[in-house]
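This is model_28.csv. It holds CSV, C-alpha atoms.
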```
chain,number,residue,atom,x,y,z
A,138,TRP,CA,2.5,8.4,-1.4
A,139,GLY,CA,-0.1,5.6,-1.5
A,140,ASP,CA,-2.4,4.1,-4.2
A,141,GLU,CA,0.3,1.4,-4.7
A,142,GLY,CA,-2.1,-1.4,-5.1
A,143,LYS,CA,-1.9,-2.7,-1.5
A,144,GLY,CA,-5.4,-4.2,-1.5
A,145,LYS,CA,-4.7,-7.0,-4.0
A,146,LEU,CA,-1.7,-8.3,-2.0
A,147,VAL,CA,-3.7,-8.2,1.2
A,148,ASP,CA,-6.4,-10.3,-0.5
A,149,ILE,CA,-3.8,-12.8,-1.7
A,150,LEU,CA,-2.1,-13.0,1.7
A,151,ALA,CA,-5.4,-13.2,3.5
A,152,LYS,CA,-5.9,-16.7,2.2
A,153,ASP,CA,-3.2,-17.8,4.6
A,154,ILE,CA,-4.0,-15.7,7.6
A,155,ASP,CA,-6.6,-15.7,10.4
A,156,VAL,CA,-6.9,-12.0,11.2
A,157,CYS,CA,-6.5,-8.9,9.0
A,158,VAL,CA,-6.1,-5.6,10.8
A,159,ARG,CA,-6.1,-1.8,10.0
A,160,CYS,CA,-3.9,0.2,12.4
A,161,GLN,CA,-4.2,3.8,11.4
A,162,GLY,CA,-5.9,6.3,9.1
A,163,GLY,CA,-9.6,6.4,8.3
A,164,ASN,CA,-11.9,6.3,5.3
A,165,ASN,CA,-9.4,8.6,3.5
A,166,ALA,CA,-7.7,5.4,2.3
A,167,GLY,CA,-8.7,3.5,-0.8
A,168,HIS,CA,-8.0,-0.1,-1.9
A,169,THR,CA,-9.6,-1.8,-4.9
A,170,ILE,CA,-9.8,-5.6,-5.2
A,171,VAL,CA,-11.1,-7.4,-8.2
A,172,VAL,CA,-12.3,-11.0,-7.5
A,173,ASP,CA,-14.0,-13.1,-10.1
A,174,GLY,CA,-14.8,-10.0,-12.1
A,175,VAL,CA,-16.3,-8.2,-9.2
A,176,LYS,CA,-14.7,-4.9,-8.1
A,177,TYR,CA,-14.7,-4.2,-4.4
A,178,ALA,CA,-13.8,-0.8,-3.1
A,179,PHE,CA,-12.4,-0.6,0.5
A,180,HIS,CA,-11.8,2.7,2.3
A,181,MET,CA,-11.9,2.1,6.1
A,182,LEU,CA,-12.5,-1.6,6.4
A,183,PRO,CA,-9.7,-4.2,6.1
A,184,SER,CA,-9.4,-5.8,2.7
A,185,GLY,CA,-9.2,-9.2,4.3
A,186,LEU,CA,-13.0,-9.3,4.4
A,187,VAL,CA,-12.8,-10.7,0.8
A,188,ASN,CA,-11.6,-13.9,2.4
A,189,LYS,CA,-14.6,-15.6,4.0
A,190,GLU,CA,-12.4,-17.4,6.5
A,191,CYS,CA,-10.7,-14.2,7.8
A,192,ILE,CA,-11.6,-12.0,10.7
A,193,SER,CA,-11.1,-8.3,10.1
A,194,VAL,CA,-10.4,-5.8,12.9
A,195,VAL,CA,-10.4,-2.0,12.8
A,196,GLY,CA,-7.7,-1.3,15.3
A,197,SER,CA,-7.4,1.4,18.0
A,198,GLY,CA,-5.3,3.8,15.9
A,199,VAL,CA,-8.0,4.2,13.2
A,200,VAL,CA,-10.4,7.1,13.3
A,201,VAL,CA,-13.9,6.1,12.4
A,202,HIS,CA,-16.8,8.0,10.8
A,203,LEU,CA,-19.6,5.6,11.8
A,204,PRO,CA,-22.1,6.5,9.0
A,205,SER,CA,-19.3,5.7,6.5
A,206,PHE,CA,-18.4,2.5,8.4
A,207,PHE,CA,-21.9,1.1,7.9
A,208,GLU,CA,-22.3,2.5,4.4
A,209,GLU,CA,-19.1,0.7,3.3
A,210,LEU,CA,-20.2,-2.5,5.0
A,211,GLU,CA,-23.6,-2.4,3.3
A,212,ASP,CA,-21.9,-1.8,-0.1
A,213,LEU,CA,-19.7,-4.8,0.3
A,214,GLU,CA,-22.6,-7.0,1.5
A,215,SER,CA,-24.8,-5.8,-1.4
A,216,GLN,CA,-22.1,-7.3,-3.7
A,217,GLY,CA,-22.4,-10.7,-2.1
A,218,LEU,CA,-19.8,-10.6,0.7
A,219,ASP,CA,-21.0,-12.2,3.8
A,220,CYS,CA,-19.4,-10.2,6.6
A,221,ASP,CA,-21.5,-11.4,9.4
A,222,GLY,CA,-19.5,-12.0,12.6
A,223,ARG,CA,-16.2,-11.3,10.7
A,224,LEU,CA,-15.8,-7.6,11.3
A,225,LEU,CA,-14.7,-6.1,14.7
A,226,ILE,CA,-13.8,-2.6,15.9
A,227,SER,CA,-11.7,-1.5,18.8
A,228,ASP,CA,-13.4,0.3,21.7
A,229,ARG,CA,-10.4,2.7,21.7
A,230,CYS,CA,-11.0,4.0,18.2
A,231,HIS,CA,-11.6,7.8,18.0
A,232,ILE,CA,-14.8,8.9,16.2
A,233,VAL,CA,-14.9,11.2,13.2
A,234,PHE,CA,-18.0,13.4,13.3
A,235,ASP,CA,-19.5,15.5,10.6
A,236,PHE,CA,-18.3,18.6,12.2
A,237,HIS,CA,-14.7,17.3,11.7
A,238,GLN,CA,-15.4,17.1,8.0
A,239,ILE,CA,-16.8,20.7,8.0
A,240,VAL,CA,-13.8,21.9,9.8
A,241,ASP,CA,-11.5,20.0,7.4
A,242,GLY,CA,-12.9,22.0,4.5
A,243,MET,CA,-12.5,25.3,6.5
A,244,LYS,CA,-8.9,24.6,7.3
A,245,GLU,CA,-8.1,23.9,3.6
A,246,GLY,CA,-9.8,27.2,2.7
A,247,GLU,CA,-7.7,29.1,5.2
A,248,LEU,CA,-4.5,27.6,3.6
A,249,GLY,CA,-5.6,28.9,0.2
A,250,ARG,CA,-3.1,28.2,-2.5
A,251,GLY,CA,-0.9,26.4,0.1
A,252,SER,CA,-3.6,23.8,0.7
A,253,ILE,CA,-2.5,20.2,1.5
A,254,GLY,CA,-5.0,18.5,-0.8
A,255,THR,CA,-6.9,16.7,2.0
A,256,THR,CA,-9.8,14.4,1.1
A,257,LYS,CA,-11.9,16.5,3.5
A,258,LYS,CA,-13.1,13.3,5.2
A,259,GLY,CA,-12.4,14.9,8.7
A,260,ILE,CA,-9.3,12.7,9.4
A,261,GLY,CA,-6.9,15.5,10.3
A,262,PRO,CA,-9.3,17.4,12.6
A,263,ALA,CA,-10.3,14.0,14.3
A,264,TYR,CA,-6.6,13.3,15.0
A,265,SER,CA,-6.2,16.9,16.2
A,266,SER,CA,-9.1,16.2,18.7
A,267,LYS,CA,-7.3,13.1,19.8
A,268,ALA,CA,-3.9,14.8,20.3
A,269,SER,CA,-5.6,17.7,22.2
A,270,ARG,CA,-7.3,15.1,24.5
A,271,SER,CA,-10.8,16.3,23.6
A,272,GLY,CA,-11.7,13.5,21.3
A,273,ILE,CA,-14.5,11.0,21.7
A,274,ARG,CA,-13.8,7.3,21.5
A,275,VAL,CA,-16.1,4.4,20.7
A,276,HIS,CA,-16.5,3.3,24.3
A,277,HIS,CA,-17.9,6.8,25.1
A,278,LEU,CA,-20.9,6.0,22.9
A,279,PHE,CA,-22.2,3.5,25.5
A,280,HIS,CA,-22.3,6.1,28.3
A,281,PRO,CA,-24.9,8.6,27.0
A,282,ALA,CA,-24.4,11.3,29.6
A,283,GLU,CA,-20.7,11.3,29.2
A,284,PHE,CA,-21.0,11.2,25.4
A,285,GLU,CA,-23.4,14.2,25.4
A,286,LYS,CA,-21.2,16.2,27.6
A,287,ARG,CA,-18.1,15.5,25.5
A,288,LEU,CA,-19.9,16.2,22.2
A,289,ARG,CA,-21.3,19.5,23.4
A,290,THR,CA,-18.0,20.6,24.7
A,291,ILE,CA,-16.0,19.8,21.6
A,292,VAL,CA,-18.6,21.4,19.2
A,293,ALA,CA,-18.6,24.6,21.4
A,294,ALA,CA,-14.9,24.7,21.1
A,295,ARG,CA,-15.1,24.5,17.3
A,296,PHE,CA,-17.7,27.2,17.2
A,297,ARG,CA,-15.4,29.5,19.1
A,298,ARG,CA,-12.6,28.8,16.7
A,299,TYR,CA,-14.5,28.9,13.4
A,300,GLY,CA,-17.7,30.7,14.1
A,301,GLU,CA,-21.2,29.2,14.3
A,302,PHE,CA,-21.2,27.0,11.3
A,303,GLU,CA,-24.4,24.9,10.5
A,304,TYR,CA,-24.3,21.9,12.8
A,305,ASP,CA,-27.3,20.4,14.7
A,306,VAL,CA,-26.0,19.0,17.9
A,307,GLU,CA,-29.4,17.8,19.1
A,308,ALA,CA,-30.0,15.8,15.9
A,309,GLU,CA,-26.5,14.4,16.1
A,310,LEU,CA,-27.1,13.2,19.7
A,311,GLN,CA,-30.2,11.3,18.5
A,312,ARG,CA,-28.4,10.0,15.5
A,313,TYR,CA,-25.5,8.6,17.5
A,314,SER,CA,-27.8,7.1,20.1
A,315,LYS,CA,-29.1,4.8,17.3
A,316,LEU,CA,-25.6,4.3,15.8
A,317,ALA,CA,-24.2,3.2,19.2
A,318,GLU,CA,-26.7,0.3,19.5
A,319,ARG,CA,-26.1,-0.7,15.9
A,320,LEU,CA,-22.3,-0.7,16.5
A,321,ARG,CA,-22.4,-2.5,19.9
A,322,PRO,CA,-22.1,-6.1,18.4
A,323,PHE,CA,-18.9,-5.1,16.5
A,324,VAL,CA,-17.0,-3.6,19.5
A,325,ILE,CA,-14.2,-5.4,21.2
A,326,ASP,CA,-11.1,-4.7,23.4
A,327,SER,CA,-8.8,-5.1,20.4
A,328,VAL,CA,-5.6,-5.1,22.5
A,329,GLU,CA,-6.7,-8.2,24.4
A,330,TYR,CA,-8.1,-9.8,21.3
A,331,LEU,CA,-4.9,-9.4,19.2
A,332,HIS,CA,-2.6,-10.5,22.0
A,333,THR,CA,-4.8,-13.6,22.6
A,334,ALA,CA,-4.6,-14.3,18.9
A,335,LEU,CA,-0.8,-14.1,19.0
A,336,ARG,CA,-0.6,-16.4,22.0
A,337,GLU,CA,-2.8,-18.9,20.2
A,338,GLY,CA,-0.4,-18.8,17.2
A,339,LYS,CA,-2.9,-17.2,14.9
A,340,ARG,CA,-1.5,-15.5,11.8
A,341,ILE,CA,-2.1,-11.8,11.8
A,342,LEU,CA,-1.8,-9.5,8.8
A,343,VAL,CA,-1.6,-5.7,9.4
A,344,GLU,CA,-2.7,-3.6,6.5
A,345,GLY,CA,-1.1,-0.2,6.1
A,346,ALA,CA,-2.9,2.8,4.7
A,347,ASN,CA,-1.7,6.0,3.0
A,348,ALA,CA,2.0,5.1,2.6
A,349,LEU,CA,5.3,6.2,4.2
A,350,MET,CA,5.7,9.5,2.3
A,351,LEU,CA,2.4,10.6,3.9
A,352,ASP,CA,3.6,9.8,7.4
A,353,LEU,CA,3.2,12.6,9.9
A,354,ASP,CA,6.8,12.4,10.9
A,355,PHE,CA,8.7,11.0,7.9
A,356,GLY,CA,6.7,12.1,5.0
A,357,THR,CA,6.7,15.4,2.9
A,358,TYR,CA,5.5,17.5,5.9
A,359,PRO,CA,3.1,19.4,5.9
A,360,TYR,CA,1.8,17.6,2.8
A,361,VAL,CA,1.1,14.5,4.8
A,362,THR,CA,-1.8,12.7,6.5
A,363,SER,CA,-2.3,12.9,10.2
A,364,SER,CA,-1.2,9.5,11.4
A,365,ASN,CA,2.0,7.4,11.5
A,366,THR,CA,1.7,5.4,8.3
A,367,GLY,CA,5.0,3.5,8.7
A,368,ILE,CA,5.9,0.5,10.7
A,369,GLY,CA,5.8,2.5,13.9
A,370,GLY,CA,2.1,3.0,13.4
A,371,VAL,CA,1.6,-0.7,13.8
A,372,CYS,CA,2.9,-0.6,17.3
A,373,THR,CA,1.2,2.6,18.4
A,374,GLY,CA,-2.1,1.8,16.5
A,375,LEU,CA,-2.6,-1.7,17.8
A,376,GLY,CA,-0.6,-2.0,21.0
A,377,ILE,CA,1.6,-4.7,19.5
A,378,PRO,CA,5.3,-4.6,20.6
A,379,PRO,CA,8.1,-4.5,17.9
A,380,ASN,CA,9.3,-8.0,18.8
A,381,LYS,CA,6.0,-9.5,17.6
A,382,ILE,CA,6.4,-8.1,14.1
A,383,GLY,CA,7.6,-10.6,11.5
A,384,ASP,CA,7.8,-9.9,7.8
A,385,VAL,CA,7.4,-6.3,6.6
A,386,ILE,CA,6.2,-6.2,3.0
A,387,GLY,CA,6.6,-3.0,1.0
A,388,VAL,CA,4.1,-2.4,-1.8
A,389,ALA,CA,5.4,-0.1,-4.6
A,390,LYS,CA,4.2,0.7,-8.1
A,391,ALA,CA,6.6,0.2,-11.0
A,392,TYR,CA,6.2,4.0,-11.4
A,393,THR,CA,5.2,6.7,-9.0
A,394,THR,CA,1.9,8.5,-8.3
A,395,ARG,CA,0.6,11.0,-5.9
A,396,VAL,CA,-2.8,12.6,-5.1
A,397,GLY,CA,-3.1,16.1,-3.6
A,398,GLY,CA,-0.6,18.8,-3.1
A,399,GLY,CA,3.1,18.6,-2.2
A,400,PRO,CA,6.4,17.8,-3.8
A,401,PHE,CA,6.8,15.1,-6.4
A,402,PRO,CA,10.3,15.2,-7.8
A,403,SER,CA,9.8,12.7,-10.7
A,404,GLU,CA,6.4,14.0,-11.7
A,405,LEU,CA,5.7,14.1,-15.4
A,406,THR,CA,3.3,16.9,-16.5
A,407,ASP,CA,3.7,16.1,-20.2
A,408,ALA,CA,2.2,13.5,-22.6
A,409,VAL,CA,4.2,10.7,-20.9
A,410,GLY,CA,2.7,11.5,-17.6
A,411,GLN,CA,-0.8,11.5,-19.1
A,412,LYS,CA,0.0,8.2,-20.8
A,413,LEU,CA,0.9,6.6,-17.4
A,414,ARG,CA,-2.4,8.0,-16.0
A,415,ASP,CA,-4.5,6.7,-18.8
A,416,VAL,CA,-2.9,3.3,-19.1
A,417,GLY,CA,-2.7,2.8,-15.4
A,418,ALA,CA,-6.3,4.2,-14.7
A,419,GLU,CA,-4.8,6.5,-12.1
A,420,TYR,CA,-7.9,8.0,-10.5
A,421,GLY,CA,-8.5,7.9,-6.8
A,422,VAL,CA,-10.7,5.2,-5.3
A,423,THR,CA,-11.9,7.5,-2.5
A,424,THR,CA,-12.1,10.9,-4.3
A,425,GLY,CA,-12.1,10.1,-8.0
A,426,ARG,CA,-9.3,12.7,-8.4
A,427,PRO,CA,-6.8,12.2,-11.2
A,428,ARG,CA,-3.4,11.1,-9.7
A,429,ARG,CA,-0.2,12.8,-10.5
A,430,CYS,CA,2.1,10.4,-12.3
A,431,GLY,CA,5.9,10.1,-12.9
A,432,TRP,CA,8.8,7.7,-13.2
A,433,LEU,CA,9.8,5.4,-10.4
A,434,ASP,CA,11.8,7.3,-7.8
A,435,LEU,CA,14.3,5.1,-6.1
A,436,VAL,CA,15.3,7.9,-3.7
A,437,VAL,CA,11.8,7.7,-2.3
A,438,LEU,CA,11.7,3.8,-2.3
A,439,ARG,CA,15.2,3.7,-0.7
A,440,TYR,CA,14.1,6.1,2.1
A,441,SER,CA,10.9,4.1,2.7
A,442,THR,CA,12.9,0.9,2.9
A,443,MET,CA,15.3,2.5,5.5
A,444,VAL,CA,12.4,3.6,7.7
A,445,ASN,CA,10.2,0.5,7.4
A,446,GLY,CA,12.8,-2.2,7.2
A,447,TYR,CA,11.1,-4.2,4.4
A,448,THR,CA,11.9,-7.9,4.1
A,449,SER,CA,10.4,-8.1,0.6
A,450,ILE,CA,8.7,-6.0,-2.0
A,451,ASN,CA,5.5,-6.3,-4.0
A,452,LEU,CA,6.1,-4.5,-7.3
A,453,THR,CA,2.7,-3.6,-8.7
A,454,LYS,CA,1.3,-2.5,-12.1
A,455,LEU,CA,4.5,-3.5,-14.0
A,456,ASP,CA,2.2,-4.1,-17.0
A,457,VAL,CA,1.5,-0.4,-17.3
A,458,LEU,CA,5.1,0.1,-18.6
A,459,ASP,CA,4.5,-2.3,-21.5
A,460,VAL,CA,3.7,0.6,-23.8
A,461,PHE,CA,7.0,2.5,-23.3
A,462,ASP,CA,10.1,2.1,-25.5
A,463,GLU,CA,12.3,3.3,-22.8
A,464,ILE,CA,11.8,3.8,-19.1
A,465,LYS,CA,13.5,6.2,-16.8
A,466,VAL,CA,14.2,5.7,-13.1
A,467,ALA,CA,15.1,8.4,-10.6
A,468,VAL,CA,18.3,7.4,-8.7
A,469,SER,CA,19.4,10.6,-7.0
A,470,TYR,CA,18.8,14.4,-6.7
A,471,THR,CA,21.2,17.3,-7.1
A,472,ILE,CA,20.6,20.0,-4.5
A,473,ASN,CA,22.8,23.1,-4.3
A,474,GLY,CA,25.4,21.4,-6.5
A,475,LYS,CA,25.5,18.3,-4.3
A,476,GLU,CA,24.3,14.8,-5.2
A,477,VAL,CA,21.7,13.5,-2.6
A,478,THR,CA,20.7,9.9,-2.4
A,479,SER,CA,18.3,10.1,0.6
A,480,PHE,CA,15.0,12.0,0.8
A,481,PRO,CA,15.5,15.5,2.3
A,482,ALA,CA,13.3,17.0,5.1
A,483,ASP,CA,13.4,20.6,3.7
A,484,LEU,CA,10.8,21.0,1.0
A,485,ASP,CA,12.4,24.3,-0.1
A,486,ASP,CA,15.6,22.3,-1.0
A,487,LEU,CA,13.4,19.8,-2.8
A,488,GLU,CA,11.8,22.5,-4.9
A,489,THR,CA,15.3,23.4,-6.3
A,490,ALA,CA,16.4,19.8,-6.8
A,491,THR,CA,17.4,18.4,-10.2
A,492,VAL,CA,16.4,14.7,-10.6
A,493,ASN,CA,19.1,12.4,-11.9
A,494,TYR,CA,17.7,9.5,-14.0
A,495,VAL,CA,19.0,6.2,-15.4
A,496,THR,CA,17.3,5.3,-18.7
A,497,LEU,CA,16.5,1.6,-19.2
A,498,PRO,CA,15.2,-0.1,-22.4
A,499,GLY,CA,11.5,-1.0,-22.4
A,500,TRP,CA,10.1,-4.3,-23.5
A,501,SER,CA,7.3,-3.1,-25.7
A,502,GLN,CA,5.1,-6.2,-25.3
A,503,SER,CA,2.3,-7.3,-23.0
A,504,ILE,CA,3.2,-9.2,-19.8
A,505,SER,CA,-0.4,-9.7,-18.7
A,506,LYS,CA,-0.4,-13.4,-19.5
A,507,CYS,CA,3.0,-14.0,-17.8
A,508,ARG,CA,2.7,-16.3,-14.7
A,509,SER,CA,6.3,-16.7,-13.8
A,510,PHE,CA,9.4,-14.5,-13.7
A,511,ASP,CA,11.1,-16.5,-16.4
A,512,GLU,CA,8.2,-15.7,-18.8
A,513,LEU,CA,8.8,-12.0,-18.5
A,514,PRO,CA,10.7,-10.3,-21.4
A,515,GLU,CA,14.5,-10.0,-20.7
A,516,ASN,CA,14.3,-6.2,-20.4
A,517,CYS,CA,11.4,-6.5,-18.0
A,518,GLN,CA,13.4,-8.9,-15.8
A,519,LYS,CA,16.4,-6.5,-15.9
A,520,TYR,CA,14.1,-3.6,-14.7
A,521,VAL,CA,13.0,-5.7,-11.7
A,522,ARG,CA,16.6,-6.7,-10.9
A,523,PHE,CA,17.8,-3.1,-11.2
A,524,ILE,CA,15.3,-2.1,-8.5
A,525,GLU,CA,16.2,-5.0,-6.2
A,526,ASN,CA,19.9,-4.3,-6.5
A,527,ASP,CA,19.4,-0.6,-5.6
A,528,ILE,CA,17.3,-1.0,-2.5
A,529,GLY,CA,18.8,-4.3,-1.4
A,530,VAL,CA,15.4,-6.0,-0.9
A,531,PRO,CA,14.1,-8.9,-2.9
A,532,VAL,CA,11.0,-8.4,-5.1
A,533,LYS,CA,8.7,-11.3,-4.1
A,534,TRP,CA,5.5,-10.5,-6.0
A,535,ILE,CA,5.0,-8.7,-9.3
A,536,GLY,CA,1.6,-7.3,-10.4
A,537,THR,CA,0.8,-7.8,-14.1
A,538,GLY,CA,-2.9,-6.8,-14.2
A,539,ALA,CA,-5.9,-5.9,-12.1
A,540,GLY,CA,-7.3,-9.4,-11.3
A,541,ARG,CA,-6.5,-11.6,-8.3
A,542,GLU,CA,-4.7,-14.0,-10.6
A,543,ASP,CA,-2.5,-11.3,-12.2
A,544,MET,CA,0.3,-11.7,-9.8
A,545,ILE,CA,3.7,-13.4,-10.2
A,546,SER,CA,5.1,-14.9,-7.1
A,547,LEU,CA,8.9,-15.3,-7.0
```

So that I can check it, write out the structure of this file as structure tokens.
Amino acid sequence: WGDEGKGKLVDILAKDIDVCVRCQGGNNAGHTIVVDGVKYAFHMLPSGLVNKECISVVGSGVVVHLPSFFEELEDLESQGLDCDGRLLISDRCHIVFDFHQIVDGMKEGELGRGSIGTTKKGIGPAYSSKASRSGIRVHHLFHPAEFEKRLRTIVAARFRRYGEFEYDVEAELQRYSKLAERLRPFVIDSVEYLHTALREGKRILVEGANALMLDLDFGTYPYVTSSNTGIGGVCTGLGIPPNKIGDVIGVAKAYTTRVGGGPFPSELTDAVGQKLRDVGAEYGVTTGRPRRCGWLDLVVLRYSTMVNGYTSINLTKLDVLDVFDEIKVAVSYTINGKEVTSFPADLDDLETATVNYVTLPGWSQSISKCRSFDELPENCQKYVRFIENDIGVPVKWIGTGAGREDMISL
């Protein structure tokens, strides 16, 4: 469900790549990277910006709120990151407007107790505009008459649907006239750019956002985001064919978390869940919301592995489990008297599911100073091997703390 600690691995991998790309989502994502004691928060921009030799691209499948784009860039630069000439954006990106964010809140209000738990960043409504073919893309900004016509049309449609909410179209037109000129130096044809990079043998890292269980098609629908967050989103969001994709790295916490509404079979609402939250500092980068916490769910990880075809796994925040004498792992569900080992589509079935756990001994000591697999306590090694054997994919990286150096490479 996201918040797995993707950002740190992207930062580590970015040392060996030329281009880092985001392919879907918007500023509803959140990655935190700690470098030399400085904490950088990423939402929409690729985490590869931390590497001064890496070019970062916001790909066509991303929906972009331009004021937030520049605010995030300014925040990073104020912390000493030189991003000049290293950040590019696709001319095919759809734009998130403030009215999308207003509508996002209204839609949540309509759902009432059945609300999805959206970040209210306007992401869903922007993708709805895209799917209904009424959206506005970055390239429209540079044709003022066309942009004005499209903006007036789409706002009028939202007024008809939701009533005349407070939104100053005239002020927005002026605002975006200035934003367009500010954005112009960043804009590229990202399809041509990425394919040229591939032909030249450059190394490209695509950074996912939001995680598979929030995928519009394969996640816990309707408690999902509005884009394809799995491997398919790389192809549709960047215009890169499947045969160009090499390694697929899955990032998974050593336990499970979720923000927002929706099912969470292994969730712990007791003192153990609170302990995971406190020790793991499980509060959202984008929203500050406390994350729901539970034991590792191998049904979910197994399913995610099937859909995405991982070639290796980065197991993050293993050190959070240092404080537990025993550790449970969800291995299957029982639904209507039948054992189920893959994740079901029907959420009503999931509500009635009993989670089947295996209990493993903890290691009850700090692993924060461990720099190789052999240095990990025996029970810690067994925990990692248990996960590998279940999903059939090797764990290649293990996170043992928040810093860039706190990662074991196998």

Give me the residues within 8 Å of Leu203 in chain A as an mmCIF file with C-alpha atoms, in the frame of the given file, counting all atoms listed in the file and dropping any in the same chain fewer than 6 places off.
```
data_model
loop_
_atom_site.group_PDB
_atom_site.id
_atom_site.type_symbol
_atom_site.label_atom_id
_atom_site.label_comp_id
_atom_site.auth_asym_id
_atom_site.auth_seq_id
_atom_site.Cartn_x
_atom_site.Cartn_y
_atom_site.Cartn_z
ATOM 1 C CA ILE A 232 -14.800 8.900 16.200
ATOM 2 C CA VAL A 233 -14.900 11.200 13.200
ATOM 3 C CA LEU A 316 -25.600 4.300 15.800
#
```

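CA of Phe234 in chain A is positioned 11.5 Å from CA of Tyr264 in chain A.
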
Between A:Gly446, A:Pro427, A:Gly196, A:Gly529, which has the minimum distance to Leu413 in chain A (counting only C-alpha atoms)?
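Smallest distance to Leu413 in chain A is found for A:Pro427.
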
Please provide the set of residues having any atom within 10 Å of Asp148 in chain A, restricted to only C-alpha atoms, with same-chain residues fewer than 4 positions apart removed, written as an mmCIF file with C-alpha atoms, in the frame of the given file.
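Result file is selection-v5.cif:
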```cif
data_model
loop_
_atom_site.group_PDB
_atom_site.id
_atom_site.type_symbol
_atom_site.label_atom_id
_atom_site.label_comp_id
_atom_site.auth_asym_id
_atom_site.auth_seq_id
_atom_site.Cartn_x
_atom_site.Cartn_y
_atom_site.Cartn_z
ATOM 1 C CA LYS A 143 -1.900 -2.700 -1.500
ATOM 2 C CA GLY A 144 -5.400 -4.200 -1.500
ATOM 3 C CA LYS A 152 -5.900 -16.700 2.200
ATOM 4 C CA ASP A 153 -3.200 -17.800 4.600
ATOM 5 C CA CYS A 157 -6.500 -8.900 9.000
ATOM 6 C CA ILE A 170 -9.800 -5.600 -5.200
ATOM 7 C CA VAL A 171 -11.100 -7.400 -8.200
ATOM 8 C CA VAL A 172 -12.300 -11.000 -7.500
ATOM 9 C CA PRO A 183 -9.700 -4.200 6.100
ATOM 10 C CA SER A 184 -9.400 -5.800 2.700
ATOM 11 C CA GLY A 185 -9.200 -9.200 4.300
ATOM 12 C CA LEU A 186 -13.000 -9.300 4.400
ATOM 13 C CA VAL A 187 -12.800 -10.700 0.800
ATOM 14 C CA ASN A 188 -11.600 -13.900 2.400
ATOM 15 C CA ARG A 541 -6.500 -11.600 -8.300
#
```

Write out as a PyMOL selection string which residues come within 12 Å of Val396 in chain A when counting all atoms listed in the file, dropping same-chain ones fewer than 3 positions away.
chain A and resi 138-141+165-167+253-256+347-348+350-351+360-362+393+399-401+404+414+419-431

Closest contacts (range 298-341 of chain A/range 216-231 of chain A, max 9 Å, only C-alpha atoms) as a tab-separated table:
```
residue	atom	partner	partner_atom	distance
A:Leu320	CA	A:Ile226	CA	8.7
A:Pro322	CA	A:Leu225	CA	8.3
A:Phe323	CA	A:Leu225	CA	4.7
A:Val324	CA	A:Ile226	CA	4.9
A:Ile325	CA	A:Ser227	CA	5.2
A:Asp326	CA	A:Ser227	CA	5.6
A:Ser327	CA	A:Ser227	CA	4.9
A:Val328	CA	A:Ser227	CA	8.0
```

Write out as a ChimeraX atom specification which residues come within 12 Å of range 237-243 of chain A when counting all atoms listed in the file, dropping same-chain ones fewer than 4 positions away.
/A:164-165,200-202,231-233,247-249,252-267,272-273,288,291-292,294-296,298-304,363

Let me make sure I understand: among A:Leu484, A:Leu433, A:Ala293, A:Leu375, which one has the smallest atom-to-atom distance to Gly356 in chain A if we use all atoms listed in the file?
A:Leu484

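Among the candidates A:Asp235, A:Asp415, A:Asp155, A:Asp527, the residue lying nearest to Val343 in chain A is A:Asp155 (atoms considered: all atoms listed in the file).
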
Between CA of Val388 in chain A and CA of His168 in chain A - distance in Å to one decimal
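According to the coordinates, CA of His168 in chain A and CA of Val388 in chain A are separated by 12.3 Å.
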
Using all atoms listed in the file, tabulate the residues of range 443-504 of chain A lying at most 8 Å from any atom of range 517-525 of chain A, each with its closest atom pair and that distance in Å to one decimal, by chain and increasing residue number, as a Markdown table.
```
| residue | atom | partner | partner_atom | distance |
| --- | --- | --- | --- | --- |
| A:Leu497 | CA | A:Tyr520 | CA | 7.3 |
| A:Gly499 | CA | A:Cys517 | CA | 7.0 |
| A:Trp500 | CA | A:Cys517 | CA | 6.1 |
```

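The nearest approach to Val158 in chain A among the residues A:Thr442, A:Ser193, A:Ser314, A:Thr478, with all atoms listed in the file taken into account, belongs to A:Ser193.
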
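If you look at CA of Asp543 in chain A and CA of Arg340 in chain A, they are 24.4 Å away from each other.
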
Which is closest to Glu285 in chain A among A:Asp434, A:Glu337, A:Glu307, A:Asp511, if we use only C-alpha atoms?
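Of A:Asp434, A:Glu337, A:Glu307, A:Asp511, the one nearest Glu285 in chain A is A:Glu307, counting only C-alpha atoms.
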
Among listed residues A:Trp534, A:Ile192, A:Gly376, A:Tyr177, nearest Ser215 in chain A (using all atoms listed in the file)
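Of A:Trp534, A:Ile192, A:Gly376, A:Tyr177, the one nearest Ser215 in chain A, counting all atoms listed in the file, is A:Tyr177.
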
All residues 7 Å or closer to Gly538 in chain A, all atoms listed in the file, same chain fewer than 5 positions away omitted, as a list in words
Lys454, Asp456, Ser505 and Asp543 of chain A
